[in-house]
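Peer 1: What follows is model26.txt; its format and atoms are compact mmCIF, C-alpha atoms.
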# COMPACT_ATOMS: atom_id res chain seq x y z
CA MET K 11 -18.63 77.97 64.48
CA SER K 12 -21.57 76.01 65.78
CA ARG K 13 -21.21 73.79 68.82
CA VAL K 14 -21.96 70.74 66.68
CA VAL K 15 -19.13 71.52 64.25
CA LEU K 16 -16.79 72.30 67.14
CA LEU K 17 -17.64 69.02 68.80
CA ALA K 18 -17.09 67.16 65.51
CA CYS K 19 -13.67 68.77 65.15
CA VAL K 20 -12.67 67.90 68.70
CA LEU K 21 -13.83 64.33 68.20
CA SER K 22 -11.92 64.11 64.91
CA LEU K 23 -8.76 65.34 66.60
CA GLY K 24 -9.27 62.91 69.43
CA CYS K 25 -9.65 60.01 67.02
CA ALA K 26 -6.63 61.15 65.02
CA GLU K 27 -4.41 61.17 68.08
CA SER K 28 -5.33 57.59 68.93
CA LEU K 29 -4.10 56.24 65.59
CA PRO K 30 -0.43 55.52 64.91
CA GLU K 31 1.59 57.53 62.39
CA HIS K 32 4.24 54.89 61.83
CA VAL K 33 3.52 51.17 61.89
CA GLU K 34 6.46 48.82 61.55
CA LEU K 35 5.88 45.68 59.57
CA GLN K 36 6.34 42.78 61.97
CA PRO K 37 8.65 39.96 60.80
CA ALA K 38 5.73 37.52 60.82
CA ALA K 39 3.83 39.80 58.44
CA GLU K 40 6.54 39.95 55.79
CA HIS K 41 5.08 36.88 54.08
CA VAL K 42 1.52 38.32 53.97
CA GLU K 43 0.76 39.36 50.39
CA PHE K 44 -1.99 41.62 49.01
CA ALA K 45 -4.68 40.50 46.58
CA LEU K 46 -7.46 42.53 44.95
CA GLU K 47 -9.79 39.56 44.64
CA PRO K 48 -10.52 36.67 47.00
CA PRO K 49 -8.38 33.63 46.19
CA SER K 50 -9.70 30.25 45.17
CA ALA K 51 -11.43 28.22 47.86
CA ASN K 52 -9.41 25.26 46.59
CA THR K 53 -6.22 26.75 47.92
CA TYR K 54 -7.14 29.31 50.61
CA LYS K 55 -9.44 29.54 53.62
CA MET K 56 -10.73 32.86 54.94
CA VAL K 57 -9.68 33.32 58.57
CA GLY K 58 -11.28 36.67 59.34
CA GLN K 59 -11.90 40.31 58.55
CA VAL K 60 -9.07 42.69 59.42
CA GLU K 61 -8.67 46.45 59.64
CA GLY K 62 -5.58 48.58 59.37
CA ALA K 63 -5.49 52.27 60.26
CA SER K 64 -3.11 55.17 60.49
CA THR K 65 -2.99 58.94 60.44
CA ALA K 66 -0.08 61.02 59.14
CA SER K 67 0.70 64.35 57.57
CA ASP K 68 2.06 62.71 54.43
CA PRO K 69 -0.62 60.75 52.53
CA ASP K 70 1.94 58.19 51.34
CA VAL K 71 3.19 57.63 54.89
CA ALA K 72 -0.39 57.18 56.09
CA GLN K 73 -1.08 54.65 53.33
CA GLN K 74 2.13 52.73 54.03
CA ALA K 75 1.45 52.58 57.76
CA ALA K 76 -2.16 51.45 57.29
CA HIS K 77 -1.03 48.74 54.87
CA ASN K 78 1.61 47.56 57.37
CA ASP K 79 -1.05 47.52 60.10
CA LEU K 80 -3.35 45.44 57.88
CA ARG K 81 -0.59 42.92 57.13
CA ASN K 82 0.34 42.70 60.83
CA LYS K 83 -3.29 41.99 61.76
CA ALA K 84 -3.58 39.37 59.02
CA ALA K 85 -0.36 37.71 60.18
CA ALA K 86 -1.73 37.55 63.71
CA LEU K 87 -4.54 35.37 62.34
CA GLY K 88 -2.05 33.09 60.63
CA ALA K 89 -2.90 34.42 57.17
CA SER K 90 -0.59 34.64 54.19
CA LEU K 91 -2.88 36.66 51.88
CA VAL K 92 -5.06 39.69 52.53
CA THR K 93 -7.50 41.59 50.32
CA VAL K 94 -8.16 45.33 50.54
CA ASP K 95 -11.93 45.63 50.25
CA GLN K 96 -12.12 49.28 51.32
CA ASN K 97 -9.46 51.99 51.39
CA LEU K 98 -11.00 54.99 53.15
CA ALA K 99 -8.80 58.08 53.25
CA GLU K 100 -10.07 61.27 54.82
CA PRO K 101 -8.29 64.58 55.28
CA LEU K 102 -8.83 65.55 58.93
CA PRO K 103 -10.29 68.99 59.63
CA LEU K 104 -8.07 71.52 61.40
CA THR K 105 -4.99 69.34 60.99
CA TYR K 106 -2.87 68.78 57.94
CA LYS K 107 -3.25 65.07 58.42
CA MET K 108 -4.79 62.24 56.50
CA LYS K 109 -6.55 59.35 58.19
CA VAL K 110 -6.48 56.03 56.34
CA ARG K 111 -8.59 53.01 57.26
CA LEU K 112 -8.28 49.76 55.34
CA VAL K 113 -10.78 46.92 55.61
CA GLY K 114 -9.89 43.55 54.21
CA ARG K 115 -10.21 39.81 54.47
CA ALA K 116 -7.37 37.55 55.60
CA TYR K 117 -6.74 34.14 54.03
CA LYS K 118 -4.65 31.19 55.07
CA ALA K 119 -3.30 28.70 52.56
CA LEU K 120 -4.79 25.23 52.88
CA GLU K 121 -2.35 22.49 53.89
CA MET F 13 2.98 53.49 49.71
CA SER F 14 6.53 52.75 48.64
CA ALA F 15 7.12 51.98 44.98
CA SER F 16 8.23 48.45 45.78
CA LEU F 17 5.17 47.73 47.92
CA GLN F 18 2.86 49.24 45.33
CA ARG F 19 4.45 47.21 42.54
CA ARG F 20 4.38 44.04 44.62
CA ALA F 21 0.75 44.56 45.58
CA PHE F 22 -0.26 45.18 41.99
CA ILE F 23 1.57 42.15 40.61
CA LEU F 24 0.07 39.91 43.25
CA SER F 25 -3.37 41.38 42.70
CA ALA F 26 -3.19 40.63 39.01
CA ALA F 27 -1.87 37.13 39.61
CA SER F 28 -4.55 36.44 42.17
CA ALA F 29 -7.27 37.75 39.89
CA LEU F 30 -6.07 35.50 37.11
CA ALA F 31 -5.83 32.50 39.42
CA CYS F 32 -9.41 32.95 40.57
CA SER F 33 -11.66 32.58 37.56
CA ARG F 34 -15.12 34.15 37.67
CA SER F 35 -16.88 30.83 37.71
CA GLU F 36 -14.91 29.56 40.69
CA ARG F 37 -16.26 29.53 44.20
CA THR F 38 -14.34 31.88 46.39
CA ALA F 39 -12.79 30.98 49.70
CA GLU F 40 -15.67 32.16 51.85
CA GLY F 41 -18.11 30.13 49.86
CA GLY F 42 -19.40 32.38 47.13
CA SER F 43 -18.87 36.04 48.00
CA ARG F 44 -17.04 38.04 45.39
CA GLY F 45 -14.24 40.55 45.49
CA PRO F 46 -14.93 44.25 45.64
CA LEU F 47 -14.32 44.78 41.90
CA GLU F 48 -16.77 42.28 40.51
CA SER F 49 -20.47 41.73 41.10
CA ALA F 50 -23.39 39.80 39.71
CA GLN F 51 -24.14 42.71 37.36
CA ALA F 52 -20.83 44.36 36.54
CA ARG F 53 -17.07 43.90 36.26
CA THR F 54 -14.22 46.36 36.67
CA LEU F 55 -11.38 46.95 34.23
CA GLN F 56 -8.25 48.69 35.47
CA TRP F 57 -6.40 50.81 32.94
CA ASP F 58 -2.98 52.44 32.92
CA LEU F 59 -3.34 55.50 30.69
CA GLY F 60 0.29 56.54 30.91
CA PRO F 61 2.03 59.61 32.29
CA GLN F 62 0.04 62.83 31.94
CA PRO F 63 1.16 66.43 32.54
CA TRP F 64 -0.54 66.38 35.97
CA GLY F 65 0.40 62.83 37.09
CA ASP F 66 -0.21 59.18 36.24
CA GLY F 67 -3.29 58.43 34.16
CA ARG F 68 -5.18 55.60 35.84
CA ALA F 69 -8.83 54.62 35.52
CA SER F 70 -11.23 51.93 36.65
CA ILE F 71 -14.00 51.16 34.17
CA VAL F 72 -17.18 49.51 35.44
CA VAL F 73 -18.93 47.61 32.65
CA PRO F 74 -22.37 45.94 32.92
CA THR F 75 -22.27 42.21 32.25
CA TRP F 76 -25.87 41.79 31.14
CA GLY F 77 -27.37 42.13 27.70
CA GLY F 78 -25.10 39.82 25.71
CA HIS F 79 -22.65 40.69 22.95
CA ALA F 80 -24.98 43.07 21.13
CA ALA F 81 -25.65 45.26 24.17
CA ARG F 82 -24.33 48.81 24.15
CA PHE F 83 -24.42 51.38 26.93
CA PRO F 84 -24.04 55.12 27.56
CA VAL F 85 -20.85 56.26 29.31
CA LEU F 86 -20.63 58.20 32.54
CA VAL F 87 -17.36 59.74 33.70
CA ALA F 88 -17.46 59.68 37.52
CA LEU F 89 -14.89 61.66 39.50
CA HIS F 90 -14.02 60.83 43.10
CA GLY F 91 -13.53 63.00 46.17
CA ARG F 92 -10.39 64.51 47.70
CA GLY F 93 -9.51 61.51 49.85
CA GLU F 94 -8.89 59.48 46.70
CA ALA F 95 -6.98 62.39 45.12
CA LEU F 96 -4.45 62.07 47.94
CA LYS F 97 -3.94 58.34 47.38
CA PRO F 98 -1.55 56.80 44.85
CA PRO F 99 -3.35 56.85 41.45
CA ILE F 100 -3.75 53.06 41.33
CA GLU F 101 -5.65 53.18 44.65
CA GLY F 102 -7.50 56.45 44.01
CA ALA F 103 -8.97 55.17 40.75
CA LEU F 104 -10.76 52.48 42.77
CA GLY F 105 -12.74 55.10 44.70
CA TRP F 106 -16.12 54.68 43.03
CA PRO F 107 -16.01 50.93 42.28
CA ARG F 108 -14.54 49.74 45.58
CA ASP F 109 -14.57 52.40 48.29
CA TYR F 110 -17.94 53.96 47.33
CA ALA F 111 -19.54 50.53 46.68
CA LEU F 112 -20.68 51.37 43.15
CA LEU F 113 -20.86 47.71 42.17
CA ARG F 114 -23.19 46.94 45.05
CA ALA F 115 -25.40 49.83 43.90
CA PHE F 116 -25.44 48.35 40.39
CA ASP F 117 -26.60 45.02 41.81
CA ARG F 118 -29.32 46.54 43.95
CA LEU F 119 -30.65 48.82 41.22
CA ARG F 120 -30.92 45.81 38.92
CA THR F 121 -32.79 43.79 41.56
CA PRO F 122 -35.16 46.25 43.24
CA PRO F 123 -36.91 47.19 45.44
CA LEU F 124 -34.31 49.32 47.19
CA THR F 125 -34.43 49.33 50.98
CA ASP F 126 -33.09 51.61 53.70
CA LEU F 127 -30.12 49.25 53.98
CA ASP F 128 -29.12 50.05 50.40
CA TYR F 129 -28.96 53.72 51.34
CA GLY F 130 -26.79 52.90 54.36
CA GLY F 131 -29.57 54.09 56.64
CA PHE F 132 -29.78 57.46 54.86
CA SER F 133 -33.00 56.92 52.94
CA ASP F 134 -35.67 59.50 52.40
CA ARG F 135 -38.87 57.45 52.33
CA ASP F 136 -40.60 59.39 49.56
CA ARG F 137 -37.51 59.52 47.39
CA MET F 138 -36.89 55.79 47.85
CA LEU F 139 -40.52 55.03 46.94
CA GLU F 140 -40.14 57.20 43.85
CA ALA F 141 -36.95 55.35 42.87
CA ASN F 142 -38.63 51.97 43.36
CA ALA F 143 -41.65 53.02 41.31
CA SER F 144 -39.35 54.21 38.55
CA LEU F 145 -37.36 50.96 38.60
CA ALA F 146 -40.54 48.87 38.59
CA LYS F 147 -41.75 50.73 35.49
CA ASP F 148 -38.39 50.95 33.72
CA PRO F 149 -35.62 48.67 34.95
CA LEU F 150 -32.11 50.05 35.08
CA ALA F 151 -30.92 49.87 31.47
CA GLY F 152 -27.29 50.23 32.44
CA LEU F 153 -24.28 52.41 31.77
CA ILE F 154 -20.53 52.12 31.64
CA VAL F 155 -18.92 54.13 34.42
CA ALA F 156 -15.41 55.42 33.75
CA CYS F 157 -13.67 56.35 37.00
CA PRO F 158 -10.33 58.08 36.38
CA TRP F 159 -7.94 59.09 39.13
CA LEU F 160 -8.23 62.82 39.75
CA PRO F 161 -5.27 64.75 41.18
CA ASP F 162 -5.81 67.08 44.13
CA LEU F 163 -6.72 70.35 42.45
CA THR F 164 -8.08 71.88 45.67
CA SER F 165 -5.10 74.18 46.18
CA THR F 166 -5.72 75.80 42.81
CA SER F 167 -9.39 76.58 43.52
CA THR F 168 -10.61 74.47 40.59
CA ARG F 169 -10.21 77.40 38.19
CA GLU F 170 -10.78 76.74 34.52
CA SER F 171 -7.10 77.15 33.65
CA ASP F 172 -6.12 74.55 36.25
CA VAL F 173 -8.73 72.08 35.13
CA ALA F 174 -8.08 72.45 31.39
CA GLY F 175 -5.25 69.91 31.28
CA TYR F 176 -7.28 67.34 33.14
CA ALA F 177 -10.30 68.01 30.91
CA ARG F 178 -8.16 67.31 27.84
CA PHE F 179 -7.21 63.96 29.37
CA VAL F 180 -10.87 63.06 29.93
CA LEU F 181 -11.95 64.15 26.45
CA GLU F 182 -8.95 63.11 24.37
CA VAL F 183 -7.49 60.10 26.17
CA LEU F 184 -10.04 58.46 28.47
CA LEU F 185 -13.28 58.70 26.50
CA PRO F 186 -11.77 57.61 23.14
CA ARG F 187 -10.33 54.49 24.80
CA VAL F 188 -13.63 53.71 26.54
CA ARG F 189 -15.36 53.91 23.16
CA ARG F 190 -12.73 51.73 21.49
CA GLU F 191 -12.53 49.00 24.10
CA THR F 192 -15.97 48.72 25.70
CA PRO F 193 -19.53 48.38 24.33
CA ALA F 194 -20.11 52.12 24.60
CA TYR F 195 -22.28 54.48 22.60
CA ALA F 196 -20.09 57.27 21.28
CA THR F 197 -22.47 60.22 20.96
CA PRO F 198 -22.43 63.25 23.28
CA GLU F 199 -26.07 62.54 24.17
CA ALA F 200 -24.94 59.19 25.54
CA THR F 201 -22.05 60.65 27.53
CA GLY F 202 -22.30 62.14 31.02
CA ILE F 203 -19.97 63.52 33.65
CA ASP F 204 -20.52 63.73 37.38
CA GLY F 205 -18.60 63.43 40.62
CA VAL F 206 -18.66 63.82 44.35
CA SER F 207 -17.21 66.68 46.44
CA LEU F 208 -13.94 67.76 44.77
CA GLY F 209 -14.90 65.50 41.87
CA GLY F 210 -18.32 67.13 41.69
CA ALA F 211 -16.85 70.59 41.27
CA ILE F 212 -14.37 69.39 38.64
CA ALA F 213 -17.10 67.47 36.79
CA LEU F 214 -19.29 70.57 36.65
CA ARG F 215 -16.32 72.62 35.44
CA ILE F 216 -15.45 70.16 32.67
CA GLY F 217 -19.06 69.52 31.67
CA LEU F 218 -20.09 73.16 31.55
CA THR F 219 -17.00 74.25 29.62
CA SER F 220 -17.29 71.38 27.11
CA PRO F 221 -21.06 70.98 26.65
CA GLU F 222 -20.63 69.74 23.09
CA ALA F 223 -19.10 66.56 24.57
CA PHE F 224 -21.85 65.71 27.07
CA GLY F 225 -25.56 65.09 27.28
CA ALA F 226 -25.78 65.22 31.07
CA VAL F 227 -23.69 66.98 33.70
CA GLY F 228 -24.08 66.68 37.45
CA GLY F 229 -22.45 67.26 40.79
CA ILE F 230 -23.05 65.28 43.99
CA GLN F 231 -22.20 67.39 47.04
CA PRO F 232 -19.89 69.41 44.76
CA ALA F 233 -17.24 71.45 46.57
CA LEU F 234 -18.65 74.85 45.63
CA SER F 235 -18.35 78.17 47.41
CA GLU F 236 -21.12 80.74 47.69
CA THR F 237 -18.79 83.39 46.33
CA GLN F 238 -18.63 81.39 43.08
CA THR F 239 -22.41 81.47 42.45
CA PRO F 240 -22.26 84.13 39.70
CA GLU F 241 -19.42 82.28 37.97
CA TRP F 242 -21.24 78.91 38.03
CA THR F 243 -24.39 80.61 36.75
CA ALA F 244 -22.53 82.23 33.85
CA LEU F 245 -20.91 78.90 33.01
CA ALA F 246 -24.26 77.09 33.01
CA GLN F 247 -25.88 79.78 30.90
CA ALA F 248 -23.10 79.58 28.34
CA ALA F 249 -23.25 75.78 28.29
CA ARG F 250 -27.02 75.78 27.75
CA ALA F 251 -26.67 78.29 24.95
CA ARG F 252 -24.20 75.97 23.21
CA ARG F 253 -26.23 72.81 23.90
CA PRO F 254 -29.89 73.57 24.69
CA GLY F 255 -30.66 69.92 25.47
CA LEU F 256 -27.93 69.58 28.10
CA LYS F 257 -29.34 67.99 31.28
CA LEU F 258 -28.09 69.33 34.59
CA ARG F 259 -28.37 68.12 38.17
CA LEU F 260 -27.16 69.37 41.55
CA LEU F 261 -27.48 67.12 44.58
CA THR F 262 -26.70 67.94 48.20
CA SER F 263 -27.66 66.51 51.58
CA HIS F 264 -28.81 67.86 54.90
CA ASP F 265 -25.39 67.51 56.53
CA ASP F 266 -23.25 68.34 53.51
CA TYR F 267 -20.70 71.08 54.28
CA PHE F 268 -21.32 72.52 50.83
CA ARG F 269 -25.12 72.53 51.16
CA ASP F 270 -25.59 76.29 51.43
CA ALA F 271 -23.37 76.99 48.43
CA ILE F 272 -25.12 74.33 46.33
CA VAL F 273 -28.56 75.66 47.27
CA SER F 274 -27.35 79.16 46.38
CA VAL F 275 -26.16 78.03 42.94
CA SER F 276 -29.39 76.11 42.33
CA ARG F 277 -31.49 79.16 43.21
CA ALA F 278 -29.37 81.36 40.96
CA TRP F 279 -29.76 78.90 38.10
CA THR F 280 -33.53 78.85 38.58
CA ALA F 281 -33.65 82.66 38.67
CA ALA F 282 -31.63 82.76 35.46
CA GLY F 283 -33.99 80.30 33.74
CA ILE F 284 -31.46 77.44 33.70
CA THR F 285 -33.66 74.39 34.18
CA HIS F 286 -32.03 71.64 36.19
CA ASP F 287 -32.78 68.86 38.63
CA PHE F 288 -32.02 69.65 42.24
CA ALA F 289 -32.24 67.33 45.21
CA GLU F 290 -31.44 67.63 48.88
CA VAL F 291 -31.37 64.18 50.43
CA VAL F 292 -30.57 62.67 53.80
CA GLY F 293 -27.00 62.10 54.90
CA PRO F 294 -23.56 63.48 55.74
CA HIS F 295 -20.61 64.36 53.52
CA ASP F 296 -18.43 61.28 53.87
CA TYR F 297 -17.82 57.71 52.75
CA SER F 298 -21.01 56.43 54.35
CA PHE F 299 -23.00 58.75 52.06
CA ASN F 300 -21.02 57.73 48.98
CA ARG F 301 -21.53 54.04 49.79
CA GLY F 302 -25.30 54.51 50.12
CA PRO F 303 -27.22 57.38 48.52
CA GLY F 304 -24.21 58.64 46.52
CA SER F 305 -23.74 55.62 44.28
CA ILE F 306 -27.47 54.98 43.91
CA GLU F 307 -28.26 58.58 42.96
CA LEU F 308 -25.32 58.71 40.56
CA LEU F 309 -26.36 55.63 38.61
CA LEU F 310 -30.12 56.15 38.61
CA TRP F 311 -30.11 59.78 37.46
CA HIS F 312 -27.67 59.21 34.59
CA ASP F 313 -29.40 55.98 33.57
CA ARG F 314 -32.51 58.07 32.95
CA ALA F 315 -30.79 61.21 31.62
CA LEU F 316 -28.41 59.77 29.03
CA GLY F 317 -29.43 58.91 25.50
CA ARG F 318 -28.97 55.50 23.92
CA LEU F 319 -27.85 56.18 20.38
What would you get if you wrote out this structure as structure tokens?

Peer 2:
Amino acid sequence: MSRVVLLACVLSLGCAESLPEHVELQPAAEHVEFALEPPSANTYKMVGQVEGASTASDPDVAQQAAHNDLRNKAAALGASLVTVDQNLAEPLPLTYKMKVRLVGRAYKALE
Amino acid sequence: MSASLQRRAFILSAASALACSRSERTAEGGSRGPLESAQARTLQWDLGPQPWGDGRASIVVPTWGGHAARFPVLVALHGRGEALKPPIEGALGWPRDYALLRAFDRLRTPPLTDLDYGGFSDRDRMLEANASLAKDPLAGLIVACPWLPDLTSTSTRESDVAGYARFVLEVLLPRVRRETPAYATPEATGIDGVSLGGAIALRIGLTSPEAFGAVGGIQPALSETQTPEWTALAQAARARRPGLKLRLLTSHDDYFRDAIVSVSRAWTAAGITHDFAEVVGPHDYSFNRGPGSIELLLWHDRALGRL
């Protein structure tokens, strides 16, 4: 194995270890809903871009945890709606784990 | 994702999409969602339970040309990351996670820049693409993106792929032809994919050449030990359809590069004419979101018939 590939594997493992496997949905995030498309500007204001991430052996667990992470981050911005603009799921080399990274936009309902 | 969360997300997505009409300004002052662009829209289809899992597909349809416009159809298969997602999420691989709609927009409004390739542009190849687009603008194609189950553990053998191929040929393509402005001839139908999807697309296309006019693989997950098998498959396909167009594409940092180069050389030695390209970039999402989507659309736009 070349040194470059070895280094890539080590870096991948390092990154994997820094991501959570289980992410609990915070009470404040229970009201944050998902949307595929941005909502109307008449009723919602975008409050920021958010990312959710997780790594787990079970792909469904990884997805669930990353979605919880995204909702928690959106809730922290005071949002009640979040889009998923990218769902990037990569099997990690030399592990039997899946890394999931979600990128979305958080929206707050207008008063 | 739990069933309840998935169901909840889907219901809310649909409600939100309905609430936000296409003519409305969006909350950040004009930017669109990931499934709609200035040049294309995305349909999401439930194709029912299949022997290998849930049939789901996203269908990207050009919005230009008016009611009389018709387009060729490309079946585009995603990589393994999407195969490990729930089908409803995995089917969004090409349109959302690989930025296919952005590629549509940029190919319709050239010139392409290094930014469009995500920083992975080959100057000469980009100049060639821009010259081609200046001479002949992108005519457009419908891209059918079905969810693909993870067939990696079964080595993508023909017997394992046969059930999925039947779904593509007997369920997906007939519905695309019924419900979208699609040409229905084999000459106007292509199949391609990336990584796992590239290998499966080659397998389906080369074993059913009567159904396709163009077959390709982008960074297909091939193994060098399979070179004789892929060569025999391509020879047989060409014998059954002499006009079948073929393309293999890899990149400098693609893990499957050596195997793809080996297959391409074997095809050339066997007299199987095909397009081959080795471009700049790695084997990951950043490639798919740049060169991957652009190369997919541009090659099939030129290769597929319009009849």

Peer 1: Could you give me, as a PDB file with C-alpha atoms, keeping the file's coordinate frame, the residues within 8 Å of F:Val227, counting only C-alpha atoms and dropping anything in the same chain fewer than 6 positions from it?

Peer 2:
ATOM      1  CA  GLY F 202     -22.300  62.140  31.020  1.00  0.00           C
ATOM      2  CA  ILE F 203     -19.970  63.520  33.650  1.00  0.00           C
ATOM      3  CA  ASP F 204     -20.520  63.730  37.380  1.00  0.00           C
ATOM      4  CA  ALA F 213     -17.100  67.470  36.790  1.00  0.00           C
ATOM      5  CA  LEU F 214     -19.290  70.570  36.650  1.00  0.00           C
ATOM      6  CA  GLY F 217     -19.060  69.520  31.670  1.00  0.00           C
ATOM      7  CA  LEU F 218     -20.090  73.160  31.550  1.00  0.00           C
ATOM      8  CA  LEU F 256     -27.930  69.580  28.100  1.00  0.00           C
ATOM      9  CA  LYS F 257     -29.340  67.990  31.280  1.00  0.00           C
ATOM     10  CA  LEU F 258     -28.090  69.330  34.590  1.00  0.00           C
ATOM     11  CA  ARG F 259     -28.370  68.120  38.170  1.00  0.00           C
TER      12      ARG F 259
END

Peer 1: Go ahead and find all residues with at least one atom no further than 9 Å from (-27.4, 56.1, 47.7) in the file's coordinates, using all atoms listed in the file; report them as a VMD selection string.

Peer 2: chain F and resid 115 128 to 130 132 to 133 299 to 308

Peer 1: Residues of the last selection are to be written out with C-alpha atoms, as a PDB file, in the frame of the given file.

Peer 2:
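Below is the file that was written, part.pdb:
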ATOM      1  CA  ALA F 115     -25.400  49.830  43.900  1.00  0.00           C
ATOM      2  CA  ASP F 128     -29.120  50.050  50.400  1.00  0.00           C
ATOM      3  CA  TYR F 129     -28.960  53.720  51.340  1.00  0.00           C
ATOM      4  CA  GLY F 130     -26.790  52.900  54.360  1.00  0.00           C
ATOM      5  CA  PHE F 132     -29.780  57.460  54.860  1.00  0.00           C
ATOM      6  CA  SER F 133     -33.000  56.920  52.940  1.00  0.00           C
ATOM      7  CA  PHE F 299     -23.000  58.750  52.060  1.00  0.00           C
ATOM      8  CA  ASN F 300     -21.020  57.730  48.980  1.00  0.00           C
ATOM      9  CA  ARG F 301     -21.530  54.040  49.790  1.00  0.00           C
ATOM     10  CA  GLY F 302     -25.300  54.510  50.120  1.00  0.00           C
ATOM     11  CA  PRO F 303     -27.220  57.380  48.520  1.00  0.00           C
ATOM     12  CA  GLY F 304     -24.210  58.640  46.520  1.00  0.00           C
ATOM     13  CA  SER F 305     -23.740  55.620  44.280  1.00  0.00           C
ATOM     14  CA  ILE F 306     -27.470  54.980  43.910  1.00  0.00           C
ATOM     15  CA  GLU F 307     -28.260  58.580  42.960  1.00  0.00           C
ATOM     16  CA  LEU F 308     -25.320  58.710  40.560  1.00  0.00           C
TER      17      LEU F 308
END

Peer 1: Tell me which protein, DNA and RNA residues are within 9 Å of K:Glu34, counting only C-alpha atoms, leaving out same-chain ones fewer than 3 positions away, and put them as a CSV table (one decimal) with C-alpha atoms, in the frame of the given file.

Peer 2:
chain,number,residue,atom,x,y,z
K,75,ALA,CA,1.4,52.6,57.8
K,78,ASN,CA,1.6,47.6,57.4
K,79,ASP,CA,-1.0,47.5,60.1
K,82,ASN,CA,0.3,42.7,60.8

Peer 1: With distances taken over all atoms listed in the file, which residue among F:Arg68, F:Arg189, F:Arg108, F:Arg118 lies nearest chain K?

Peer 2: F:Arg108

Peer 1: Neighbouring residues of stretch 58-61 of chain K were defined as those with any atom within 8 Å, considering all atoms listed in the file; residues of the same chain fewer than 6 positions away were excluded. Please report them as a list in words.

Peer 2: Asp79, Leu80, Lys83, Ala84, Leu87, Arg111, Leu112, Val113, Gly114, Arg115, Ala116 and Tyr117 of chain K

Peer 1: Counting all atoms listed in the file, collect the residues of chain K whose closest atom lies at most 7 Å from chain F, and write them out as a list of chain:residue names.

Peer 2: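 On the chain K side, the interface is K:Phe44, K:Ala45, K:Leu46, K:Glu47, K:Pro48, K:Pro49, K:Ser50, K:Ala51, K:Tyr54, K:Lys55, K:Met56, K:Pro69, K:Asp70, K:Val71, K:Gln73, K:Gln74, K:Asp95, K:Gln96, K:Asn97, K:Leu98, K:Ala99, K:Glu100, K:Pro101.
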
Peer 1: One decimal, in Å: what's the spacing between atom CA of F:Gly210 and atom CA of F:Phe116?

Peer 2: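 Computing the Euclidean distance for atom CA of F:Gly210 and atom CA of F:Phe116 yields 20.1 Å.
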
Peer 1: Write out as a PyMOL selection string each polymer residue whose atoms come within 12 Å of F:Gly255, counting all atoms listed in the file; drop sequence neighbours fewer than 2 positions from it.

Peer 2: chain F and resi 198-199+221-222+224-227+249-253+257-258+284-286+315-317

Peer 1: Select, from K:Ser90, K:Thr65, K:Gln36, K:Thr53, the residue with the minimum atom-to-atom distance to K:Leu120, counting all atoms listed in the file.

Peer 2: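 For K:Leu120, the nearest of the given residues is K:Thr53.
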
Peer 1: Go through F:Leu153, F:Phe268, F:Pro193, F:Ile216 and flag the residue nearest F:Leu181, using all atoms listed in the file for the distances.

Peer 2: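 Result for the nearest residue to F:Leu181: F:Ile216.
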
Peer 1: Within 10 Å of F:Ala233, counting only C-alpha atoms, which residues qualify if same-chain residues fewer than 4 places away don't, as a PyMOL selection string?

Peer 2: chain F and resi 91-92+164+167-168+206-212+229+266-269+271-272

Peer 1: Quick check, in Å to one decimal: how far apart do atom CA of K:Glu43 and atom CA of K:Ser28 lie?

Peer 2: 26.7 Å

Peer 1: So how far away is atom CA of F:Val155 from atom CA of F:Asp313, in Å?

Peer 2: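 Atom CA of F:Val155 lies at a distance of 10.7 Å from atom CA of F:Asp313.
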
Peer 1: Determine the nearest neighbour of K:Glu40 from the options K:Ala72, K:Ser67, K:Val57, K:Arg81, counting all atoms listed in the file.

Peer 2: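 Nearest candidate to K:Glu40 out of K:Ala72, K:Ser67, K:Val57, K:Arg81: K:Arg81.
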
Peer 1: Could you complete stretch 154-161 of chain F so that it carries N, CA and C atoms, and give it back as a CSV table (one decimal), in the coordinates of the input?

Peer 2:
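Once everything was written out, this is selection-v6.csv:
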chain,number,residue,atom,x,y,z
F,154,ILE,N,-21.9,52.4,31.3
F,154,ILE,CA,-20.5,52.1,31.6
F,154,ILE,C,-20.0,53.3,32.5
F,155,VAL,N,-19.4,53.0,33.6
F,155,VAL,CA,-18.9,54.1,34.4
F,155,VAL,C,-17.4,54.2,34.4
F,156,ALA,N,-16.9,55.2,33.8
F,156,ALA,CA,-15.4,55.4,33.8
F,156,ALA,C,-15.0,56.3,34.9
F,157,CYS,N,-14.1,55.7,35.7
F,157,CYS,CA,-13.7,56.4,37.0
F,157,CYS,C,-12.2,56.6,37.0
F,158,PRO,N,-11.8,57.8,36.4
F,158,PRO,CA,-10.3,58.1,36.4
F,158,PRO,C,-9.8,58.6,37.7
F,159,TRP,N,-8.5,58.4,38.0
F,159,TRP,CA,-7.9,59.1,39.1
F,159,TRP,C,-7.9,60.6,38.8
F,160,LEU,N,-8.2,61.4,39.9
F,160,LEU,CA,-8.2,62.8,39.8
F,160,LEU,C,-7.2,63.4,40.7
F,161,PRO,N,-6.2,64.2,40.2
F,161,PRO,CA,-5.3,64.8,41.2
F,161,PRO,C,-5.9,65.8,42.1
